[in-house]
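Quick look at target02.cif (mmCIF, C-alpha atoms and all ligand atoms):
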```cif
data_target
#
loop_
_atom_site.label_atom_id
_atom_site.label_comp_id
_atom_site.auth_asym_id
_atom_site.auth_seq_id
_atom_site.Cartn_x
_atom_site.Cartn_y
_atom_site.Cartn_z
CA MET A 145 0.00 0.00 0.00
CA ASN A 146 0.89 3.67 0.09
CA GLN A 147 2.33 3.96 -3.36
CA HIS A 148 2.93 7.65 -3.36
CA HIS A 149 3.34 9.09 -6.78
CA GLY A 150 4.67 12.37 -5.49
CA ASP A 151 2.76 14.47 -7.94
CA HIS A 152 0.60 17.32 -6.81
CA ASP A 153 -1.79 17.70 -9.70
CA HIS A 154 -5.23 18.87 -8.74
CA VAL A 155 -7.97 16.29 -8.48
CA HIS A 156 -9.89 16.08 -11.72
CA HIS A 157 -13.64 16.29 -11.33
CA GLY A 158 -14.46 16.27 -15.01
CA SER A 159 -15.29 13.37 -17.25
CA GLU A 160 -12.32 13.61 -19.59
CA ILE A 161 -10.89 10.27 -20.67
CA SER A 162 -8.19 9.18 -18.27
CA PRO A 163 -5.19 7.07 -19.29
CA VAL A 164 -6.83 4.11 -17.57
CA GLU A 165 -10.05 4.55 -19.55
CA ALA A 166 -8.06 4.79 -22.76
CA ARG A 167 -6.35 1.51 -21.87
CA VAL A 168 -9.69 -0.11 -21.07
CA ARG A 169 -11.09 0.96 -24.43
CA ALA A 170 -8.03 -0.37 -26.22
CA LEU A 171 -8.29 -3.69 -24.36
CA GLU A 172 -12.01 -3.92 -25.11
CA SER A 173 -11.34 -3.41 -28.83
CA LEU A 174 -8.57 -5.98 -28.82
CA LEU A 175 -10.55 -8.62 -26.90
CA THR A 176 -13.57 -8.12 -29.14
CA GLU A 177 -11.43 -8.39 -32.25
CA LYS A 178 -9.91 -11.65 -30.97
CA GLY A 179 -13.38 -12.99 -30.17
CA TYR A 180 -12.82 -13.20 -26.41
CA LEU A 181 -15.44 -10.63 -25.56
CA ASP A 182 -19.05 -10.19 -26.56
CA PRO A 183 -19.61 -6.42 -26.76
CA ALA A 184 -23.35 -6.89 -26.18
CA ALA A 185 -22.70 -8.78 -22.94
CA LEU A 186 -20.29 -6.08 -21.83
CA ASP A 187 -22.83 -3.38 -22.66
CA ALA A 188 -25.45 -5.22 -20.60
CA LEU A 189 -23.07 -5.36 -17.64
CA VAL A 190 -22.24 -1.66 -17.93
CA GLU A 191 -25.94 -0.88 -18.27
CA LEU A 192 -26.64 -2.83 -15.08
CA TYR A 193 -24.11 -0.76 -13.15
CA GLU A 194 -25.24 2.49 -14.73
CA THR A 195 -28.96 2.03 -14.15
CA GLU A 196 -29.67 -0.52 -11.44
CA VAL A 197 -26.60 -0.74 -9.25
CA GLY A 198 -25.63 2.66 -7.96
CA PRO A 199 -25.26 4.95 -4.98
CA HIS A 200 -29.02 4.90 -4.39
CA LEU A 201 -28.45 1.45 -2.86
CA GLY A 202 -25.78 2.73 -0.47
CA ALA A 203 -28.12 5.61 0.36
CA ARG A 204 -30.77 3.11 1.47
CA VAL A 205 -28.23 1.50 3.79
CA VAL A 206 -27.27 4.87 5.28
CA ALA A 207 -30.89 5.95 5.76
CA ARG A 208 -31.72 2.68 7.50
CA ALA A 209 -28.76 3.15 9.84
CA TRP A 210 -29.99 6.67 10.65
CA VAL A 211 -33.45 5.50 11.71
CA ASP A 212 -32.66 2.08 13.18
CA PRO A 213 -30.00 2.04 15.95
CA ALA A 214 -29.89 -1.77 16.08
CA PHE A 215 -29.25 -1.91 12.32
CA ARG A 216 -26.58 0.79 12.68
CA THR A 217 -24.80 -1.33 15.29
CA ARG A 218 -24.93 -4.41 13.07
CA LEU A 219 -23.72 -2.35 10.11
CA LEU A 220 -20.71 -1.00 12.00
CA THR A 221 -19.93 -4.39 13.54
CA GLU A 222 -20.31 -6.67 10.55
CA ALA A 223 -21.32 -4.74 7.47
CA THR A 224 -21.70 -7.44 4.81
CA PRO A 225 -24.60 -9.36 6.42
CA ALA A 226 -26.23 -6.11 7.58
CA ILE A 227 -26.21 -4.78 4.00
CA ALA A 228 -27.53 -8.15 2.80
CA GLU A 229 -30.56 -7.64 5.05
CA LEU A 230 -31.65 -5.00 2.52
CA GLY A 231 -31.10 -7.43 -0.34
CA ILE A 232 -27.89 -5.68 -1.38
CA GLY A 233 -24.64 -7.47 -2.08
CA GLY A 234 -22.57 -9.20 -4.70
CA ARG A 235 -19.22 -9.12 -6.39
CA GLY A 236 -16.90 -6.56 -4.85
CA GLY A 237 -18.98 -6.38 -1.69
CA GLU A 238 -18.14 -9.69 -0.05
CA HIS A 239 -16.09 -8.04 2.69
CA MET A 240 -17.61 -4.68 3.41
CA VAL A 241 -16.51 -2.45 6.26
CA VAL A 242 -18.60 0.61 7.15
CA VAL A 243 -16.91 3.44 9.05
CA GLU A 244 -18.93 6.08 10.84
CA ASN A 245 -18.37 9.82 10.67
CA THR A 246 -18.72 11.69 13.95
CA PRO A 247 -17.99 15.29 14.97
CA GLU A 248 -14.57 14.04 16.15
CA MET A 249 -13.74 11.78 13.20
CA HIS A 250 -14.22 12.05 9.45
CA ASN A 251 -13.49 9.05 7.24
CA LEU A 252 -12.15 9.12 3.71
CA VAL A 253 -11.95 6.09 1.40
CA VAL A 254 -9.31 5.57 -1.25
CA CYS A 255 -7.59 2.72 -3.05
CA THR A 256 -3.94 3.73 -3.25
CA LEU A 257 -2.95 0.71 -5.35
CA CYS A 258 -5.66 0.77 -8.00
CA SER A 259 -9.39 1.46 -7.79
CA CYS A 260 -11.05 -1.03 -5.42
CA TYR A 261 -14.54 0.25 -4.72
CA PRO A 262 -17.70 -1.15 -3.10
CA TRP A 263 -19.62 -1.77 -6.33
CA PRO A 264 -22.78 -3.35 -4.87
CA VAL A 265 -23.56 -0.26 -2.79
CA LEU A 266 -22.06 2.55 -4.88
CA GLY A 267 -22.04 1.26 -8.47
CA LEU A 268 -19.21 2.30 -10.75
CA PRO A 269 -16.47 4.49 -9.29
CA PRO A 270 -16.16 8.09 -10.44
CA VAL A 271 -13.24 8.95 -12.73
CA TRP A 272 -11.39 10.89 -10.05
CA TYR A 273 -11.48 7.93 -7.65
CA LYS A 274 -9.37 5.93 -10.10
CA ALA A 275 -7.01 8.80 -10.93
CA PRO A 276 -3.46 8.80 -9.51
CA PRO A 277 -3.73 12.35 -8.07
CA TYR A 278 -6.62 11.38 -5.79
CA ARG A 279 -5.07 8.04 -4.85
CA ALA A 280 -1.78 9.64 -3.88
CA ARG A 281 -3.01 12.84 -2.29
CA ALA A 282 -5.87 11.36 -0.25
CA VAL A 283 -3.19 9.78 1.91
CA ILE A 284 -0.65 12.63 1.96
CA ASP A 285 -3.03 15.57 2.30
CA PRO A 286 -6.60 14.44 3.01
CA ARG A 287 -7.64 17.85 4.33
CA GLY A 288 -6.39 19.52 1.15
CA VAL A 289 -8.23 16.99 -1.01
CA LEU A 290 -11.43 17.56 0.97
CA ALA A 291 -11.07 21.31 0.48
CA GLU A 292 -10.94 20.76 -3.30
CA PHE A 293 -14.21 18.89 -2.99
CA GLY A 294 -15.65 21.85 -1.11
CA VAL A 295 -15.60 20.12 2.26
CA THR A 296 -14.13 22.10 5.13
CA LEU A 297 -14.11 20.34 8.46
CA PRO A 298 -13.45 21.87 11.87
CA GLU A 299 -9.76 21.69 12.81
CA THR A 300 -10.76 19.51 15.75
CA THR A 301 -12.20 16.84 13.45
CA ARG A 302 -9.57 14.20 12.77
CA ILE A 303 -9.50 12.50 9.37
CA THR A 304 -8.93 8.78 8.96
CA VAL A 305 -8.06 7.49 5.50
CA TRP A 306 -9.09 3.92 4.68
CA ASP A 307 -7.16 2.12 1.96
CA SER A 308 -9.45 -0.29 0.11
CA THR A 309 -8.15 -3.55 -1.26
CA ALA A 310 -9.54 -6.27 -3.49
CA GLU A 311 -10.45 -8.02 -0.20
CA THR A 312 -11.92 -5.23 1.91
CA ARG A 313 -14.11 -2.42 0.58
CA TYR A 314 -15.01 0.52 2.73
CA MET A 315 -18.10 2.70 2.82
CA VAL A 316 -18.60 5.79 4.96
CA LEU A 317 -21.68 6.25 7.12
CA PRO A 318 -22.06 10.03 7.04
CA MET A 319 -23.60 12.01 9.88
CA ARG A 320 -27.35 12.50 9.71
CA PRO A 321 -28.04 16.14 8.82
CA ALA A 322 -29.53 18.30 11.55
CA GLY A 323 -33.18 19.18 11.16
CA THR A 324 -34.20 15.83 9.70
CA GLU A 325 -36.06 14.56 12.76
CA GLY A 326 -39.19 12.79 11.64
CA PHE A 327 -38.01 12.36 8.05
CA SER A 328 -39.01 9.13 6.36
CA GLU A 329 -36.29 6.68 5.39
CA GLU A 330 -36.95 7.53 1.75
CA ALA A 331 -36.60 11.26 2.37
CA LEU A 332 -33.39 10.66 4.29
CA ALA A 333 -31.96 8.47 1.53
CA ALA A 334 -32.51 11.32 -0.93
CA LEU A 335 -30.06 13.42 1.10
CA VAL A 336 -27.27 10.85 0.84
CA THR A 337 -24.82 11.57 -1.97
CA ARG A 338 -22.34 9.17 -3.51
CA ASP A 339 -19.44 11.34 -2.36
CA SER A 340 -20.74 11.38 1.22
CA MET A 341 -20.32 7.59 1.25
CA ILE A 342 -16.74 7.88 -0.05
CA GLY A 343 -15.97 10.67 2.39
CA THR A 344 -15.23 13.35 -0.22
CA GLY A 345 -18.60 14.95 0.40
CA LEU A 346 -21.32 15.46 2.96
CA PRO A 347 -25.04 14.66 2.72
CA ARG A 348 -27.17 17.23 0.93
CA ALA A 349 -28.11 20.18 3.07
CA LEU A 350 -31.77 20.77 3.71
CA PRO A 351 -33.45 23.55 1.81
CA VAL A 352 -32.99 26.62 3.97
CA GLU A 353 -34.61 30.02 4.11
CA PRO A 354 -32.68 32.68 2.15
CA ALA A 355 -31.82 34.43 5.41
CA GLU A 356 -30.14 31.26 6.65
CA MET A 357 -28.21 30.57 3.47
CA PRO A 358 -24.61 29.78 4.25
CA VAL A 359 -22.14 32.12 2.61
FE FE A 401 -7.86 -1.18 -5.92
#
```

Produce structure tokens that represent the structure in this file.
Ligand code: FE
Amino acid sequence: MNQHHGDHDHVHHGSEISPVEARVRALESLLTEKGYLDPAALDALVELYETEVGPHLGARVVARAWVDPAFRTRLLTEATPAIAELGIGGRGGEHMVVVENTPEMHNLVVCTLCSCYPWPVLGLPPVWYKAPPYRARAVIDPRGVLAEFGVTLPETTRITVWDSTAETRYMVLPMRPAGTEGFSEEALAALVTRDSMIGTGLPRALPVEPAEMPV
């Protein structure tokens, strides 16, 4: 672990084609040409992850943990079977670990070696998650990386960085936003963003009166 690349490029948030994506496309073309790959089957798999498997599933897990303390305990103790209670699981999610944000501790997930990601709960990883700048800098300067994502934490909040592997995939349980008492699980899930479950973001803020708008 901890392969530091030593570069200090900014984290890319755009959807430009990364070197890895270019390699994937080249491999896909080659494998198809050689007859090892059925493009239609690959498209169906990509479609599955783009439409059915996605962060809305992780959001359901988070919302359940917010309303059900016993579930939250099971989730933080042994995540994989707890997530399976909601009918969620599968390849890449066999060994899930869920880490809880608190006022004292913020958690950030990275894969320094490659791009291991909890597919069954979050779907396909964003481009920046797979990019070397994020993978290197999340470890060296997590607070700086968070700032680039627009997340500023109190100085008293410590940051723990979790390095995913092919074996163990991490998901963050973000803090339940204030003012959501009495919200339904569905309404709560709608506040949970993908990035808040990676740790590069926070749940959506509630609509606020103009006078209370943060600057
Ligand atoms: Fe990886």

Could you report the residues within 7 Å of ligand FE 401 (chain A), using only C-alpha atoms and all ligand atoms, as a list in words?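 Taking only C-alpha atoms and all ligand atoms into account, the residues around ligand FE 401 (chain A) at most 7 Å away are Cys255, Thr256, Leu257, Cys258, Ser259, Cys260, Tyr261, Ser308, Thr309 and Ala310 of chain A.
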
Restrict the selected residues to C-alpha atoms and save them as an mmCIF file, in the coordinates of the input.
```
data_model
loop_
_atom_site.group_PDB
_atom_site.id
_atom_site.type_symbol
_atom_site.label_atom_id
_atom_site.label_comp_id
_atom_site.auth_asym_id
_atom_site.auth_seq_id
_atom_site.Cartn_x
_atom_site.Cartn_y
_atom_site.Cartn_z
ATOM 1 C CA CYS A 255 -7.590 2.720 -3.050
ATOM 2 C CA THR A 256 -3.940 3.730 -3.250
ATOM 3 C CA LEU A 257 -2.950 0.710 -5.350
ATOM 4 C CA CYS A 258 -5.660 0.770 -8.000
ATOM 5 C CA SER A 259 -9.390 1.460 -7.790
ATOM 6 C CA CYS A 260 -11.050 -1.030 -5.420
ATOM 7 C CA TYR A 261 -14.540 0.250 -4.720
ATOM 8 C CA SER A 308 -9.450 -0.290 0.110
ATOM 9 C CA THR A 309 -8.150 -3.550 -1.260
ATOM 10 C CA ALA A 310 -9.540 -6.270 -3.490
#
```

For stretch 178-293 of chain A against stretch 330-339 of chain A, with a cut-off of 12 Å and counting all atoms listed in the file, what is the closest atom pair and its distance in Å to one decimal for every residue that makes the cut, ordered by chain and number, as a tab-separated table?
```
residue	atom	partner	partner_atom	distance
A:Gly198	CA	A:Arg338	CA	8.5
A:Pro199	CA	A:Arg338	CA	5.3
A:His200	CA	A:Ala333	CA	7.5
A:Leu201	CA	A:Ala333	CA	9.0
A:Gly202	CA	A:Arg338	CA	7.9
A:Ala203	CA	A:Ala333	CA	4.9
A:Arg204	CA	A:Ala333	CA	5.5
A:Val205	CA	A:Ala333	CA	8.2
A:Val206	CA	A:Ala333	CA	7.0
A:Ala207	CA	A:Ala333	CA	5.0
A:Arg208	CA	A:Ala333	CA	8.3
A:Ala209	CA	A:Ala333	CA	10.4
A:Trp210	CA	A:Leu332	CA	8.2
A:Val211	CA	A:Leu332	CA	9.0
A:Asn251	CA	A:Asp339	CA	11.5
A:Leu252	CA	A:Asp339	CA	9.7
A:Val253	CA	A:Asp339	CA	9.9
A:Val254	CA	A:Asp339	CA	11.7
A:Tyr261	CA	A:Arg338	CA	11.9
A:Pro262	CA	A:Arg338	CA	11.3
A:Trp263	CA	A:Arg338	CA	11.6
A:Val265	CA	A:Arg338	CA	9.5
A:Leu266	CA	A:Arg338	CA	6.8
A:Gly267	CA	A:Arg338	CA	9.3
A:Leu268	CA	A:Arg338	CA	10.5
A:Pro269	CA	A:Arg338	CA	9.5
A:Pro270	CA	A:Asp339	CA	9.3
A:Trp272	CA	A:Asp339	CA	11.1
A:Tyr273	CA	A:Asp339	CA	10.1
A:Leu290	CA	A:Asp339	CA	10.7
A:Phe293	CA	A:Asp339	CA	9.2
```

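Taking atom CA of A:Tyr193 and atom CA of A:Leu317 as the two end points, the separation is 21.6 Å.
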
Listed atoms of stretch 196-213 of chain A, axis-aligned box, 8 Å per side: centre and edge lengths to one decimal in Å, as lines of an AutoDock Vina configuration file?
```
center_x = -29.4
center_y = 3.0
center_z = 2.3
size_x = 24.2
size_y = 23.4
size_z = 43.4
```

Excluding same-chain residues fewer than 2 positions from A:Pro225, what lies within 12 Å of it counting only C-alpha atoms, as a PyMOL selection string? chain A and resi 205+215+217-223+227-234+237-242

Could you check how far atom CA of A:Val168 sits from atom CA of A:Thr344, in Å to one decimal?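 Going from atom CA of A:Val168 over to atom CA of A:Thr344, I get 25.4 Å.
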
Which distance in Å separates atom CA of A:Arg235 and atom CA of A:Ala185, to one decimal?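 Atom-to-atom, atom CA of A:Arg235 to atom CA of A:Ala185, that is 16.9 Å.
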
Rank nothing, just name the residue among A:Ala291, A:Leu350, A:Tyr278, A:Asp212 nearest to A:Glu329, using only C-alpha atoms.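 Closest to A:Glu329 of all the choices is A:Asp212.
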
Of A:Arg348, A:Glu196, A:Arg287, A:Arg169, the one sitting nearest A:Pro183 when using only C-alpha atoms is A:Arg169

Near A:Glu248, within 12 Å and counting only C-alpha atoms, which residues show up once chain neighbours fewer than 2 positions away are dropped, as a VMD selection string? chain A and resid 244 to 246 250 to 251 297 to 304 319

Quick one: everything within 8 Å of A:Ser162, counting only C-alpha atoms, minus sequence neighbours fewer than 3 positions away in the same chain. Send it as number ranges by chain. A: 165-166, 271, 275

Taking C-alpha atoms for each residue, export the selection above as a PDB file, keeping the file's coordinate frame.
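To be explicit, this is the file written out as out-v1.pdb:
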```
ATOM      1  CA  GLU A 165     -10.050   4.550 -19.550  1.00  0.00           C
ATOM      2  CA  ALA A 166      -8.060   4.790 -22.760  1.00  0.00           C
ATOM      3  CA  VAL A 271     -13.240   8.950 -12.730  1.00  0.00           C
ATOM      4  CA  ALA A 275      -7.010   8.800 -10.930  1.00  0.00           C
TER       5      ALA A 275
END
```
